[in-house]
Amino acid sequence: MASRLPFTDSDAADEAVRATCDDASSCKRFATSKGYWSDPYIQYFVRQAGERKAPEINRGYYARVQGMSHLLEAFIRRTEGNCQVVNLGAGLDTNFWRLKDGNLLPKKYFEVDFPMIVARKIHNIKTKPPLSKSLIETHSTDSLMMDGHSLDSDRFCIVAADLRDVLDMEDKLKKFQLDPGLPTLFLSECVMVYMTPEQSSRLVRWASDTFHTAMFINYEQVNMADRFGQVMIENLQRRQCTLAGADTCQSLDSQKERFLNAGWESADALDMMTVYGLLPQEDVARIERLEFLDEKELLQQLLQHYCISWAFKDKLRLGLSQVAF
């Protein structure tokens with residue numbers, strides 16, 4: 001195990017960041033229980049739907065899941081599955097299982113997260129047959145490589161690593177056959193905002209320097225300089241959750257500049273209000289009938305303070321510029 005770097009973030013702050021994994025998972029579990037979208041696998045990671053979430057939170061998660069899924073699936077289709085996906089700070093994400101059900105698996109799907117979260121996810125996979133079944137069905141031998149901090153099969157891999165230590169993370173991923181020559185998609189959702197701009201810049205530049213044909217899709221806060229953004233920051237600080245990367249979340253332009261300054265060919269960003277308007281409107285109308293939303297302005301404010309940004313490098317000329325909304 002690599003020795004711990006002297007990060008400025010305290011252990012308490014890291015613990016608070018890890019707790020956001022549970023927050024996001026319970027919100028997704030509740031939204032799926034109300035019918036916002038279908039995810040038959042989240043129940044194996046989050047036992048109960050838990051306390052009621054406000055309709056604007058459910059719609060926000062709907063926009064997040066549908067927006068990220070749209071770009072993820074578009075990338076896999078554009079590469080005809082001849083690609084790999086690396087989910088950075090994956091938490092209890094269920095993308096691998098949902099992609100398998102939709103016959104959209106890449107050549108290999110990698111996940112990286114804190115050791116504590118990885119150990120928990122591996123335990124769930126080992127003890128829940130509907131989860132382990134999908135791994136066995138996509139694996140060519142009788143046994144999977146599995147220990148407390150990593151899992152590896154032909155099509156799926158989970159690695160315990162700290163994203164702030166890029167070299168250690170890279171070593172672990174390469175050990176499990178991450179291929180720099182293969183078109184690669186990086187996913188990140190509310191992860192880099194908890195890293196300092198220098199730390200996230202190293203991560204984004206490593207991805208750009210190492211992979212010649214790649215895409216990076218990031219879901220994160222934006223417009224953090226206004227009053228609503230400041231309230232969001234203060235609420236998180238009360239839970240010892242410091243947004244160390246808030247400076248990169250000042251605007252859509254600052255989100256794009258993060259990638260352009262790190263060597264990516266092209267970058268774009270849309271706030272979630274815009275993304276919400278670009279999703280299939282028939283389905284949006286369906287979910288809007290699920291619950292009455294009293295304060296539409298609150299939903300609008302919420303969606304205007306999150307965004308999806310994406311960047312690509314396309315040496316193989318696969319037409320990655322077409323992977324968009």
# chains A, B, ... in the order shown; residues from 1 in each chain; ligands from 1
>>> select_by_dssp(residues="range 20-101 of chain A", states="helix (DSSP H, G or I)", output="compact mmCIF listing (two decimals) with N, CA and C atoms, in the first residue's frame")
# COMPACT_ATOMS: atom_id res chain seq x y z
N THR A 20 -21.11 11.73 1.43
CA THR A 20 -21.92 12.20 0.30
C THR A 20 -22.30 11.05 -0.62
N CYS A 21 -21.51 9.96 -0.60
CA CYS A 21 -21.85 8.76 -1.38
C CYS A 21 -23.18 8.20 -0.92
N ASP A 22 -23.38 8.12 0.41
CA ASP A 22 -24.65 7.62 0.95
C ASP A 22 -25.79 8.57 0.64
N ASP A 23 -25.53 9.87 0.72
CA ASP A 23 -26.56 10.86 0.41
C ASP A 23 -27.07 10.67 -1.02
N ALA A 24 -26.15 10.60 -1.95
CA ALA A 24 -26.53 10.47 -3.36
C ALA A 24 -27.26 9.16 -3.61
N SER A 25 -26.77 8.07 -3.01
CA SER A 25 -27.40 6.76 -3.23
C SER A 25 -28.80 6.71 -2.66
N SER A 26 -29.00 7.29 -1.47
CA SER A 26 -30.35 7.27 -0.87
C SER A 26 -31.32 8.14 -1.67
N CYS A 27 -30.82 9.26 -2.21
CA CYS A 27 -31.67 10.11 -3.06
C CYS A 27 -32.08 9.36 -4.34
N LYS A 28 -31.13 8.64 -4.94
CA LYS A 28 -31.44 7.87 -6.15
C LYS A 28 -32.41 6.74 -5.84
N ARG A 29 -32.21 6.09 -4.70
CA ARG A 29 -33.11 5.00 -4.29
C ARG A 29 -34.53 5.53 -4.12
N PHE A 30 -34.67 6.69 -3.47
CA PHE A 30 -36.00 7.24 -3.26
C PHE A 30 -36.65 7.63 -4.59
N ALA A 31 -35.88 8.30 -5.47
CA ALA A 31 -36.43 8.73 -6.76
C ALA A 31 -36.88 7.53 -7.60
N THR A 32 -36.10 6.45 -7.59
CA THR A 32 -36.51 5.26 -8.36
C THR A 32 -37.75 4.62 -7.74
N SER A 33 -37.87 4.69 -6.41
CA SER A 33 -39.06 4.12 -5.75
C SER A 33 -40.33 4.89 -6.12
N ILE A 42 -30.13 -0.72 -7.56
CA ILE A 42 -29.79 0.18 -6.44
C ILE A 42 -30.30 -0.36 -5.11
N GLN A 43 -31.35 -1.17 -5.16
CA GLN A 43 -31.91 -1.75 -3.92
C GLN A 43 -30.90 -2.65 -3.20
N TYR A 44 -29.92 -3.18 -3.95
CA TYR A 44 -28.93 -4.07 -3.34
C TYR A 44 -27.78 -3.29 -2.67
N PRO A 55 -39.76 17.05 -4.06
CA PRO A 55 -39.90 16.83 -5.51
C PRO A 55 -38.79 17.48 -6.34
N GLU A 56 -38.31 18.67 -5.92
CA GLU A 56 -37.25 19.32 -6.71
C GLU A 56 -35.94 18.53 -6.63
N ILE A 57 -35.71 17.84 -5.51
CA ILE A 57 -34.51 16.99 -5.39
C ILE A 57 -34.65 15.79 -6.32
N ASN A 58 -35.83 15.19 -6.35
CA ASN A 58 -36.07 14.05 -7.23
C ASN A 58 -35.89 14.42 -8.69
N ARG A 59 -36.42 15.57 -9.07
CA ARG A 59 -36.26 16.01 -10.47
C ARG A 59 -34.81 16.34 -10.78
N GLY A 60 -34.10 16.89 -9.80
CA GLY A 60 -32.68 17.18 -9.99
C GLY A 60 -31.87 15.91 -10.24
N TYR A 61 -32.16 14.88 -9.45
CA TYR A 61 -31.46 13.60 -9.66
C TYR A 61 -31.87 12.95 -10.97
N TYR A 62 -33.12 13.11 -11.34
CA TYR A 62 -33.58 12.59 -12.64
C TYR A 62 -32.75 13.22 -13.76
N ALA A 63 -32.61 14.55 -13.72
CA ALA A 63 -31.84 15.26 -14.76
C ALA A 63 -30.38 14.80 -14.76
N ARG A 64 -29.83 14.63 -13.56
CA ARG A 64 -28.43 14.18 -13.44
C ARG A 64 -28.24 12.80 -14.04
N VAL A 65 -29.07 11.85 -13.64
CA VAL A 65 -28.92 10.46 -14.11
C VAL A 65 -29.18 10.37 -15.61
N GLN A 66 -30.23 11.01 -16.09
CA GLN A 66 -30.56 10.94 -17.52
C GLN A 66 -29.52 11.65 -18.37
N GLY A 67 -29.03 12.80 -17.90
CA GLY A 67 -28.03 13.56 -18.66
C GLY A 67 -26.72 12.80 -18.77
N MET A 68 -26.24 12.27 -17.65
CA MET A 68 -24.98 11.52 -17.66
C MET A 68 -25.12 10.23 -18.47
N SER A 69 -26.27 9.56 -18.33
CA SER A 69 -26.50 8.31 -19.08
C SER A 69 -26.54 8.57 -20.58
N HIS A 70 -27.12 9.70 -20.97
CA HIS A 70 -27.20 10.05 -22.39
C HIS A 70 -25.80 10.13 -23.01
N LEU A 71 -24.88 10.84 -22.34
CA LEU A 71 -23.53 10.99 -22.89
C LEU A 71 -22.74 9.69 -22.80
N LEU A 72 -22.89 8.97 -21.70
CA LEU A 72 -22.21 7.68 -21.54
C LEU A 72 -22.60 6.72 -22.65
N GLU A 73 -23.89 6.57 -22.88
CA GLU A 73 -24.36 5.63 -23.90
C GLU A 73 -23.99 6.10 -25.30
N ALA A 74 -24.02 7.42 -25.52
CA ALA A 74 -23.64 7.96 -26.84
C ALA A 74 -22.17 7.67 -27.14
N PHE A 75 -21.31 7.76 -26.14
CA PHE A 75 -19.89 7.47 -26.33
C PHE A 75 -19.69 5.99 -26.68
N ILE A 76 -20.36 5.12 -25.94
CA ILE A 76 -20.21 3.68 -26.19
C ILE A 76 -20.72 3.33 -27.59
N ARG A 77 -21.82 3.92 -27.99
CA ARG A 77 -22.34 3.67 -29.34
C ARG A 77 -21.39 4.22 -30.40
N ARG A 78 -20.85 5.40 -30.17
CA ARG A 78 -19.95 6.03 -31.14
C ARG A 78 -18.70 5.17 -31.35
N ASN A 95 -24.07 1.70 -12.94
CA ASN A 95 -23.97 1.78 -14.41
C ASN A 95 -23.59 0.46 -15.06
N PHE A 96 -22.62 -0.25 -14.47
CA PHE A 96 -22.16 -1.50 -15.09
C PHE A 96 -23.32 -2.45 -15.33
N TRP A 97 -24.17 -2.64 -14.32
CA TRP A 97 -25.28 -3.58 -14.43
C TRP A 97 -26.33 -3.10 -15.42
N ARG A 98 -26.57 -1.81 -15.42
CA ARG A 98 -27.58 -1.27 -16.35
C ARG A 98 -27.09 -1.32 -17.79
N LEU A 99 -25.80 -1.08 -17.99
CA LEU A 99 -25.24 -1.18 -19.34
C LEU A 99 -25.29 -2.62 -19.84
N LYS A 100 -25.00 -3.56 -18.95
CA LYS A 100 -25.06 -4.98 -19.34
C LYS A 100 -26.47 -5.35 -19.78
N ASP A 101 -27.47 -4.92 -19.01
CA ASP A 101 -28.86 -5.22 -19.35
C ASP A 101 -29.25 -4.62 -20.70
>>> select_by_dssp(residues="range 26-272 of chain A", states="strand (DSSP E or B)", output="PyMOL selection string")
chain A and resi 84-88+108-113+145-147+150-152+156-160+184-189+213-221+266-271
>>> residues_around(residues="Asp152 in chain A", least_positions_apart="6", cutoff="12 Å", atoms="only C-alpha atoms", output="list in words")
Lys108, Tyr109, Phe110, Glu111, Ile122, Ser132, Leu135, Ile136, Thr138, His139, Ser140, Thr141, Ser143, Leu144, Met145, Met146, Ile158, Val159, Ala160, Lys172, Leu173, Lys174, Lys175, Phe176, Gln177 and Leu178 of chain A
>>> closest_residue(among="A:Gly277, A:Arg286, A:Phe216, A:Glu291", to="Leu260 in chain A", atoms="only C-alpha atoms")
A:Phe216
>>> closest_residue(among="A:Leu187, A:Leu131, A:Leu303, A:Ile233", to="Gln84 in chain A", atoms="only C-alpha atoms")
A:Leu187
>>> atom_distance(atom1="CA of Asp294 in chain A", atom2="CA of Gly35 in chain A")
19.1 Å
>>> atom_distance(atom1="CA of Arg52 in chain A", atom2="CA of Leu299 in chain A")
16.6 Å
>>> closest_residue(among="A:Leu88, A:Leu151, A:Leu318, A:Leu167", to="Lys126 in chain A", atoms="only C-alpha atoms")
A:Leu151
>>> residues_around(residues="Leu270 in chain A", least_positions_apart="6", cutoff="9 Å", atoms="only C-alpha atoms", output="ChimeraX atom specification")
/A:252,306-309
>>> write_last_selection(atoms="N, CA and C atoms", output="PDB file, in the first residue's frame")
ATOM      1  N   LEU A 252     -19.726  28.354 -16.104  1.00  0.00           N
ATOM      2  CA  LEU A 252     -19.580  27.339 -17.157  1.00  0.00           C
ATOM      3  C   LEU A 252     -18.231  27.505 -17.853  1.00  0.00           C
ATOM      4  N   TYR A 306     -25.982  23.463 -10.931  1.00  0.00           N
ATOM      5  CA  TYR A 306     -25.261  22.239 -11.283  1.00  0.00           C
ATOM      6  C   TYR A 306     -25.091  22.222 -12.801  1.00  0.00           C
ATOM      7  N   CYS A 307     -24.092  21.503 -13.261  1.00  0.00           N
ATOM      8  CA  CYS A 307     -23.853  21.468 -14.705  1.00  0.00           C
ATOM      9  C   CYS A 307     -23.224  20.141 -15.106  1.00  0.00           C
ATOM     10  N   ILE A 308     -23.276  19.879 -16.391  1.00  0.00           N
ATOM     11  CA  ILE A 308     -22.476  18.798 -16.978  1.00  0.00           C
ATOM     12  C   ILE A 308     -21.485  19.462 -17.921  1.00  0.00           C
ATOM     13  N   SER A 309     -20.213  19.182 -17.703  1.00  0.00           N
ATOM     14  CA  SER A 309     -19.182  19.638 -18.638  1.00  0.00           C
ATOM     15  C   SER A 309     -18.526  18.409 -19.259  1.00  0.00           C
TER      16      SER A 309
END
